[in-house]
Each structure stands twice: as structure tokens, then as C-alpha cells.
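Structure file input.pdb; described as PDB, C-alpha atoms, pLDDT in the B column.
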MODEL        1
ATOM      1  CA  MET A   1     119.519 107.906 -16.048  1.00 52.00           C
ATOM      2  CA  THR A   2     116.759 105.396 -16.645  1.00 69.00           C
ATOM      3  CA  ASP A   3     114.072 105.392 -13.982  1.00 84.00           C
ATOM      4  CA  SER A   4     111.528 102.985 -15.383  1.00 90.00           C
ATOM      5  CA  PHE A   5     111.466  99.409 -16.659  1.00 94.00           C
ATOM      6  CA  LEU A   6     109.061  96.973 -18.289  1.00 96.00           C
ATOM      7  CA  THR A   7     107.774  93.869 -16.536  1.00 97.00           C
ATOM      8  CA  ILE A   8     104.561  91.818 -16.491  1.00 97.00           C
ATOM      9  CA  SER A   9     101.571  92.578 -14.272  1.00 97.00           C
ATOM     10  CA  LYS A  10     100.702  89.019 -13.166  1.00 97.00           C
ATOM     11  CA  ALA A  11     101.463  85.330 -13.696  1.00 97.00           C
ATOM     12  CA  GLU A  12     100.501  83.906 -17.083  1.00 97.00           C
ATOM     13  CA  GLU A  13     100.466  80.519 -18.809  1.00 97.00           C
ATOM     14  CA  GLY A  14     101.194  79.509 -22.419  1.00 97.00           C
ATOM     15  CA  LEU A  15     101.510  76.314 -24.473  1.00 96.00           C
ATOM     16  CA  PHE A  16     103.333  74.932 -27.505  1.00 97.00           C
ATOM     17  CA  LYS A  17     102.961  71.392 -28.892  1.00 96.00           C
ATOM     18  CA  GLU A  18     105.318  69.602 -31.247  1.00 93.00           C
ATOM     19  CA  LYS A  19     105.315  65.902 -32.297  1.00 93.00           C
ATOM     20  CA  GLY A  20     103.531  64.776 -29.150  1.00 93.00           C
ATOM     21  CA  SER A  21     105.754  66.829 -26.812  1.00 94.00           C
ATOM     22  CA  LYS A  22     103.984  69.451 -24.727  1.00 96.00           C
ATOM     23  CA  PHE A  23     105.784  72.638 -23.694  1.00 97.00           C
ATOM     24  CA  ILE A  24     103.838  74.456 -20.964  1.00 98.00           C
ATOM     25  CA  ALA A  25     105.191  77.949 -20.336  1.00 98.00           C
ATOM     26  CA  TYR A  26     104.751  80.000 -17.168  1.00 98.00           C
ATOM     27  CA  ALA A  27     105.700  83.668 -16.744  1.00 98.00           C
ATOM     28  CA  TYR A  28     105.869  85.404 -13.357  1.00 98.00           C
ATOM     29  CA  PRO A  29     106.660  88.924 -12.185  1.00 97.00           C
ATOM     30  CA  VAL A  30     109.489  88.541  -9.614  1.00 97.00           C
ATOM     31  CA  GLU A  31     111.619  90.732  -7.347  1.00 93.00           C
ATOM     32  CA  THR A  32     114.241  88.384  -5.831  1.00 95.00           C
ATOM     33  CA  GLU A  33     116.208  85.202  -6.502  1.00 96.00           C
ATOM     34  CA  ASP A  34     114.582  83.580  -3.438  1.00 96.00           C
ATOM     35  CA  GLU A  35     111.174  84.158  -4.969  1.00 97.00           C
ATOM     36  CA  ILE A  36     112.418  82.607  -8.242  1.00 97.00           C
ATOM     37  CA  LYS A  37     113.692  79.480  -6.423  1.00 97.00           C
ATOM     38  CA  GLU A  38     110.349  79.031  -4.653  1.00 97.00           C
ATOM     39  CA  LEU A  39     108.352  79.334  -7.879  1.00 97.00           C
ATOM     40  CA  ILE A  40     110.578  76.792  -9.661  1.00 97.00           C
ATOM     41  CA  GLN A  41     110.263  74.355  -6.716  1.00 97.00           C
ATOM     42  CA  GLU A  42     106.476  74.748  -6.781  1.00 97.00           C
ATOM     43  CA  LEU A  43     106.357  73.971 -10.509  1.00 96.00           C
ATOM     44  CA  LYS A  44     108.591  70.931 -10.041  1.00 96.00           C
ATOM     45  CA  LYS A  45     106.101  69.625  -7.457  1.00 96.00           C
ATOM     46  CA  THR A  46     103.099  70.378  -9.666  1.00 96.00           C
ATOM     47  CA  HIS A  47     104.710  68.822 -12.746  1.00 97.00           C
ATOM     48  CA  HIS A  48     106.759  66.122 -10.998  1.00 95.00           C
ATOM     49  CA  SER A  49     106.320  63.693 -13.903  1.00 95.00           C
ATOM     50  CA  ALA A  50     107.598  66.164 -16.516  1.00 95.00           C
ATOM     51  CA  ARG A  51     111.046  65.461 -17.906  1.00 91.00           C
ATOM     52  CA  HIS A  52     112.405  69.015 -17.972  1.00 96.00           C
ATOM     53  CA  HIS A  53     111.742  72.316 -16.162  1.00 97.00           C
ATOM     54  CA  CYS A  54     113.808  74.812 -18.154  1.00 98.00           C
ATOM     55  CA  TYR A  55     113.852  78.483 -17.273  1.00 98.00           C
ATOM     56  CA  ALA A  56     115.355  81.936 -17.635  1.00 98.00           C
ATOM     57  CA  TRP A  57     115.034  85.079 -15.574  1.00 98.00           C
ATOM     58  CA  ARG A  58     116.235  88.668 -15.492  1.00 98.00           C
ATOM     59  CA  LEU A  59     116.258  91.013 -12.486  1.00 96.00           C
ATOM     60  CA  GLY A  60     116.877  94.704 -11.812  1.00 90.00           C
ATOM     61  CA  ALA A  61     116.364  97.904 -13.764  1.00 86.00           C
ATOM     62  CA  SER A  62     119.920  97.662 -15.148  1.00 86.00           C
ATOM     63  CA  LYS A  63     119.009  94.174 -16.533  1.00 91.00           C
ATOM     64  CA  LYS A  64     122.512  92.949 -15.632  1.00 92.00           C
ATOM     65  CA  ARG A  65     121.374  90.033 -13.447  1.00 95.00           C
ATOM     66  CA  PHE A  66     120.047  87.094 -15.449  1.00 98.00           C
ATOM     67  CA  ARG A  67     120.291  83.352 -15.741  1.00 98.00           C
ATOM     68  CA  ALA A  68     119.299  80.634 -18.204  1.00 98.00           C
ATOM     69  CA  ASN A  69     118.985  76.931 -17.313  1.00 98.00           C
ATOM     70  CA  ASP A  70     118.591  73.983 -19.736  1.00 97.00           C
ATOM     71  CA  ASP A  71     117.647  71.457 -16.999  1.00 96.00           C
ATOM     72  CA  GLY A  72     119.076  68.455 -18.820  1.00 95.00           C
ATOM     73  CA  GLU A  73     118.216  69.495 -22.373  1.00 95.00           C
ATOM     74  CA  PRO A  74     121.173  69.798 -24.800  1.00 96.00           C
ATOM     75  CA  SER A  75     123.261  72.883 -24.019  1.00 96.00           C
ATOM     76  CA  SER A  76     121.698  76.226 -25.062  1.00 95.00           C
ATOM     77  CA  THR A  77     118.562  74.635 -26.569  1.00 97.00           C
ATOM     78  CA  ALA A  78     116.163  75.730 -23.808  1.00 97.00           C
ATOM     79  CA  GLY A  79     117.348  78.389 -21.345  1.00 97.00           C
ATOM     80  CA  LYS A  80     118.909  80.574 -24.028  1.00 98.00           C
ATOM     81  CA  PRO A  81     115.832  80.752 -26.313  1.00 98.00           C
ATOM     82  CA  ILE A  82     113.662  81.476 -23.239  1.00 98.00           C
ATOM     83  CA  LEU A  83     116.006  84.310 -22.173  1.00 98.00           C
ATOM     84  CA  GLY A  84     115.984  85.504 -25.784  1.00 98.00           C
ATOM     85  CA  GLN A  85     112.234  86.119 -25.583  1.00 98.00           C
ATOM     86  CA  ILE A  86     112.585  88.023 -22.277  1.00 98.00           C
ATOM     87  CA  LYS A  87     115.219  90.225 -23.951  1.00 97.00           C
ATOM     88  CA  ARG A  88     113.169  90.603 -27.141  1.00 97.00           C
ATOM     89  CA  ASN A  89     110.301  92.046 -25.090  1.00 97.00           C
ATOM     90  CA  ASN A  90     112.769  94.247 -23.154  1.00 96.00           C
ATOM     91  CA  LEU A  91     111.503  92.840 -19.833  1.00 97.00           C
ATOM     92  CA  THR A  92     113.095  92.555 -16.425  1.00 96.00           C
ATOM     93  CA  ASN A  93     111.943  91.325 -12.986  1.00 97.00           C
ATOM     94  CA  VAL A  94     110.469  88.370 -14.816  1.00 98.00           C
ATOM     95  CA  LEU A  95     110.822  84.582 -14.673  1.00 98.00           C
ATOM     96  CA  VAL A  96     109.780  82.254 -17.515  1.00 98.00           C
ATOM     97  CA  VAL A  97     109.692  78.491 -16.919  1.00 98.00           C
ATOM     98  CA  VAL A  98     108.898  75.986 -19.674  1.00 98.00           C
ATOM     99  CA  VAL A  99     107.848  72.527 -18.509  1.00 98.00           C
ATOM    100  CA  ARG A 100     108.312  69.787 -21.109  1.00 96.00           C
ATOM    101  CA  TYR A 101     106.391  66.544 -21.306  1.00 96.00           C
ATOM    102  CA  PHE A 102     108.219  64.263 -23.758  1.00 92.00           C
ATOM    103  CA  GLY A 103     106.021  62.870 -26.502  1.00 88.00           C
ATOM    104  CA  GLY A 104     108.249  60.003 -27.631  1.00 86.00           C
ATOM    105  CA  THR A 105     109.732  61.680 -30.721  1.00 88.00           C
ATOM    106  CA  LEU A 106     113.121  63.397 -30.545  1.00 90.00           C
ATOM    107  CA  LEU A 107     112.950  66.948 -31.882  1.00 93.00           C
ATOM    108  CA  GLY A 108     116.666  67.521 -32.473  1.00 93.00           C
ATOM    109  CA  VAL A 109     118.585  70.627 -31.491  1.00 95.00           C
ATOM    110  CA  GLY A 110     116.828  72.964 -33.960  1.00 96.00           C
ATOM    111  CA  GLY A 111     113.414  71.608 -33.016  1.00 96.00           C
ATOM    112  CA  LEU A 112     114.062  72.106 -29.311  1.00 96.00           C
ATOM    113  CA  ILE A 113     115.277  75.679 -29.772  1.00 97.00           C
ATOM    114  CA  THR A 114     112.147  76.497 -31.782  1.00 97.00           C
ATOM    115  CA  ALA A 115     109.832  74.809 -29.264  1.00 97.00           C
ATOM    116  CA  TYR A 116     111.253  76.603 -26.218  1.00 98.00           C
ATOM    117  CA  LYS A 117     111.280  79.889 -28.118  1.00 98.00           C
ATOM    118  CA  GLU A 118     107.659  79.493 -29.286  1.00 98.00           C
ATOM    119  CA  ALA A 119     106.378  78.434 -25.851  1.00 98.00           C
ATOM    120  CA  SER A 120     108.078  81.475 -24.255  1.00 98.00           C
ATOM    121  CA  ALA A 121     106.822  83.799 -26.986  1.00 98.00           C
ATOM    122  CA  ASP A 122     103.282  82.488 -26.454  1.00 97.00           C
ATOM    123  CA  VAL A 123     103.228  83.115 -22.699  1.00 98.00           C
ATOM    124  CA  LEU A 124     104.799  86.587 -22.997  1.00 98.00           C
ATOM    125  CA  GLN A 125     102.326  87.513 -25.740  1.00 97.00           C
ATOM    126  CA  LYS A 126      99.473  86.669 -23.357  1.00 97.00           C
ATOM    127  CA  ALA A 127     101.037  88.592 -20.455  1.00 97.00           C
ATOM    128  CA  THR A 128     100.143  92.203 -19.744  1.00 97.00           C
ATOM    129  CA  ILE A 129     103.326  94.267 -19.987  1.00 97.00           C
ATOM    130  CA  ILE A 130     103.499  97.243 -17.626  1.00 97.00           C
ATOM    131  CA  GLU A 131     105.956 100.075 -17.001  1.00 94.00           C
ATOM    132  CA  LYS A 132     107.202 100.429 -13.438  1.00 92.00           C
ATOM    133  CA  LEU A 133     108.890 103.530 -12.104  1.00 90.00           C
ATOM    134  CA  ILE A 134     112.042 103.388  -9.999  1.00 89.00           C
ATOM    135  CA  LYS A 135     111.541 105.740  -7.105  1.00 89.00           C
ATOM    136  CA  THR A 136     113.618 107.474  -4.459  1.00 91.00           C
ATOM    137  CA  THR A 137     112.016 107.387  -1.009  1.00 93.00           C
ATOM    138  CA  PHE A 138     112.733 110.242   1.374  1.00 96.00           C
ATOM    139  CA  GLU A 139     111.704 111.521   4.807  1.00 96.00           C
ATOM    140  CA  ILE A 140     111.328 115.160   5.722  1.00 96.00           C
ATOM    141  CA  GLU A 141     111.139 116.636   9.198  1.00 96.00           C
ATOM    142  CA  PHE A 142     110.064 120.194   9.905  1.00 96.00           C
ATOM    143  CA  ASP A 143     108.492 122.434  12.515  1.00 95.00           C
ATOM    144  CA  TYR A 144     104.721 122.806  12.364  1.00 94.00           C
ATOM    145  CA  SER A 145     105.210 126.499  11.507  1.00 94.00           C
ATOM    146  CA  MET A 146     106.680 125.403   8.128  1.00 94.00           C
ATOM    147  CA  MET A 147     103.586 123.363   7.187  1.00 95.00           C
ATOM    148  CA  ASN A 148     102.358 125.741   4.433  1.00 96.00           C
ATOM    149  CA  PRO A 149     105.583 126.012   2.371  1.00 96.00           C
ATOM    150  CA  VAL A 150     106.182 122.248   2.742  1.00 97.00           C
ATOM    151  CA  MET A 151     102.635 121.423   1.617  1.00 96.00           C
ATOM    152  CA  ARG A 152     102.960 123.840  -1.305  1.00 96.00           C
ATOM    153  CA  ILE A 153     105.826 121.693  -2.691  1.00 97.00           C
ATOM    154  CA  PHE A 154     103.786 118.522  -2.126  1.00 97.00           C
ATOM    155  CA  LYS A 155     100.947 120.048  -4.125  1.00 96.00           C
ATOM    156  CA  GLU A 156     103.108 121.535  -6.921  1.00 95.00           C
ATOM    157  CA  ASP A 157     104.955 118.262  -7.520  1.00 95.00           C
ATOM    158  CA  LYS A 158     101.945 115.992  -6.864  1.00 94.00           C
ATOM    159  CA  LEU A 159     103.866 114.063  -4.196  1.00 95.00           C
ATOM    160  CA  GLU A 160     102.139 111.320  -2.252  1.00 92.00           C
ATOM    161  CA  GLN A 161     102.350 111.087   1.520  1.00 94.00           C
ATOM    162  CA  LYS A 162     103.164 107.493   2.428  1.00 93.00           C
ATOM    163  CA  LYS A 163     103.374 108.168   6.152  1.00 94.00           C
ATOM    164  CA  ASN A 164     102.933 111.327   8.107  1.00 95.00           C
ATOM    165  CA  ARG A 165     103.014 112.625  11.666  1.00 95.00           C
ATOM    166  CA  PHE A 166     101.767 116.131  12.354  1.00 94.00           C
ATOM    167  CA  GLU A 167     102.854 117.435  15.756  1.00 92.00           C
ATOM    168  CA  LEU A 168     105.040 120.355  16.850  1.00 92.00           C
ATOM    169  CA  ARG A 169     107.777 118.585  14.867  1.00 94.00           C
ATOM    170  CA  CYS A 170     106.262 117.013  11.770  1.00 96.00           C
ATOM    171  CA  LYS A 171     107.508 114.110   9.674  1.00 96.00           C
ATOM    172  CA  ILE A 172     106.412 112.935   6.222  1.00 97.00           C
ATOM    173  CA  THR A 173     107.651 109.977   4.157  1.00 96.00           C
ATOM    174  CA  SER A 174     107.235 110.253   0.406  1.00 96.00           C
ATOM    175  CA  SER A 175     108.733 108.959  -2.827  1.00 93.00           C
ATOM    176  CA  ILE A 176     109.352 110.311  -6.294  1.00 92.00           C
ATOM    177  CA  ARG A 177     110.669 108.924  -9.568  1.00 91.00           C
ATOM    178  CA  ASN A 178     114.466 108.962  -9.694  1.00 90.00           C
ATOM    179  CA  SER A 179     114.804 111.493 -12.511  1.00 89.00           C
ATOM    180  CA  GLU A 180     112.820 114.083 -10.494  1.00 92.00           C
ATOM    181  CA  ALA A 181     114.368 113.359  -7.086  1.00 92.00           C
ATOM    182  CA  ASN A 182     117.273 115.838  -7.036  1.00 92.00           C
ATOM    183  CA  ARG A 183     115.146 118.749  -8.210  1.00 94.00           C
ATOM    184  CA  VAL A 184     112.433 118.150  -5.578  1.00 95.00           C
ATOM    185  CA  ILE A 185     114.879 117.445  -2.737  1.00 94.00           C
ATOM    186  CA  GLU A 186     116.666 120.737  -3.518  1.00 95.00           C
ATOM    187  CA  LYS A 187     113.342 122.571  -3.195  1.00 95.00           C
ATOM    188  CA  PHE A 188     112.845 121.199   0.312  1.00 96.00           C
ATOM    189  CA  GLU A 189     116.461 121.922   1.252  1.00 94.00           C
ATOM    190  CA  LYS A 190     115.919 125.629   0.503  1.00 94.00           C
ATOM    191  CA  LEU A 191     113.257 125.808   3.211  1.00 94.00           C
ATOM    192  CA  GLU A 192     114.521 126.906   6.596  1.00 91.00           C
ATOM    193  CA  GLY A 193     114.643 124.262   9.329  1.00 90.00           C
ATOM    194  CA  VAL A 194     113.529 121.432   7.040  1.00 94.00           C
ATOM    195  CA  GLU A 195     115.582 118.260   7.350  1.00 95.00           C
ATOM    196  CA  ILE A 196     115.471 115.760   4.529  1.00 95.00           C
ATOM    197  CA  ARG A 197     117.076 112.358   4.143  1.00 94.00           C
ATOM    198  CA  VAL A 198     116.918 109.752   1.413  1.00 92.00           C
ATOM    199  CA  VAL A 199     115.734 106.384   2.728  1.00 86.00           C
ATOM    200  CA  GLU A 200     116.475 104.203  -0.317  1.00 68.00           C
TER     201      GLU A 200
ENDMDL
END

Will you turn the file into C-alpha cells for me?
Amino acid sequence: MTDSFLTISKAEEGLFKEKGSKFIAYAYPVETEDEIKELIQELKKTHHSARHHCYAWRLGASKKRFRANDDGEPSSTAGKPILGQIKRNNLTNVLVVVVRYFGGTLLGVGGLITAYKEASADVLQKATIIEKLIKTTFEIEFDYSMMNPVMRIFKEDKLEQKKNRFELRCKITSSIRNSEANRVIEKFEKLEGVEIRVVE
């Protein structure tokens, strides 16, 4: 089971020029399709005089959700090469938009594919690629008398306490990378009177 994925740390900008046409590339780390729509709308406002705003995105650790859009360019000459660069870098939770200002000379199908590919490659080369862990969040509840054995597991497995409440009945929220989750949850389940539930 995979419990990590590659994405970019922050928004980045790149550029490719060909025969007077300018291809300005933007890459963004994203989590949702709503976020993607907003970013594309923003770019369309910023570059309202540009002829094309072509893009591709991929979401989720499974990398099964993706889309490519040619925005008026000949079919598969823009969105597909942009998506190709996202795939080449093995990225997900990322959006790449290439804004084209037409320079007066037609580039032809091959020229367009190259231009969109190069602009995307440029922006992703500049971006900082990071690994993100997919985590399971859980809550545990226990009597105060069980504090020591519970804390021992927290220490042994270097678990962080996101939220806690220490009273007669205590409650802690924590998270752990997916591949470790079952093993750690089983440890807590062996303790008497400790209730544990997975939140997400």
C-alpha cells in the first residue's frame, strides 16, 4: 500500500518562447477541483488578452483523477503534453496552466506540442518537489489511570498529539502514516479500557 506521493511545495512560474509566441507556465500545489477552477479563473483575469489558457491537473495519491484541456488549441497539442510532464515527474495534487500569447506565426501541430511540453518542463524544473505522507487520523479515549502505558506508545512510535484533553477521562487525537497505522492501533487496542476510533 502506497502511503506517500510527490507534489510541489509552492506555486512556480516558467516561460518558453517560440517565433514571437510566449508560453507562460504556472504550476500550483492543489487539493481540490474547486481550488483548480479558482486558480484558472484568476489566471484568465490576469491574462485576459492571452489567446489560450491550456492546462492539466492530477489529484489524489492513486493518481486516477486527472484532466487535460486544450482551450481552443488543436486537439491534444496542449493539455496532453502538459499532463505528460506532470506524469513524467510522477507528481499529483498539482495543476499546470500554460498561457499563450500568439506572436503572429503559426507553429503547426508539432511546434505547439513542443512549446507546451517545454513550457511545462521549465516550470516543473523550477518547482521544489516534495514527498507528502498519507496519514490515518485517530482518537483515543482512556481513563487517567492508563496515562503511563498510553504515553509509552506515543513515545515509542514518536506520535504527535494534535489535540488532547487530560481529565478523569482523557482524549488524544493523533495521526500516523498509513503503512504504520494498523500496527500502532493494535498496540492501543491491547490496553485495557482504551477506546480508539479512526477519524479519516

Output check: residues returned by the PyMOL selection byres ((chain A and resi 105) around 12), as a VMD selection string: chain A and resid 17 to 22 101 to 104 106 to 108 111 to 112

message: Rounded to one decimal, what separation in Å do you get between CA of Leu191 in chain A and CA of Ser179 in chain A?
response: 21.3 Å

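Taken over the whole file, the PyMOL selection byres ((chain A and resi 70-77) around 6) covers exactly His52, Cys54, Asn69, Ala78, Gly79, Lys80, Leu112 and Ile113 of chain A.
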
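Using only C-alpha atoms, the shortest contact distance between Arg197 in chain A and any of A:Met151, A:Ile140, A:Val30, A:Val94 is found at A:Ile140.
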
Which of A:Ala115, A:Val99, A:Cys170, A:Ala25 sits closest to Ala50 in chain A [using all atoms listed in the file]: A:Val99

- request: Give as a list in words every residue, naming chains and numbers as the document does, that has an atom within 12 Å of (118.0, 86.6, -24.8), counting only C-alpha atoms.
  value: Tyr55, Ala56, Trp57, Arg58, Lys63, Phe66, Arg67, Ala68, Ser76, Ala78, Gly79, Lys80, Pro81, Ile82, Leu83, Gly84, Gln85, Ile86, Lys87, Arg88, Asn89, Asn90, Leu91, Thr92, Val96, Lys117, Ser120 and Ala121 of chain A

statement: With distances taken over all atoms listed in the file, the candidate from A:Glu180, A:Glu131, A:Glu33, A:Glu156 nearest Ala61 in chain A is A:Glu131
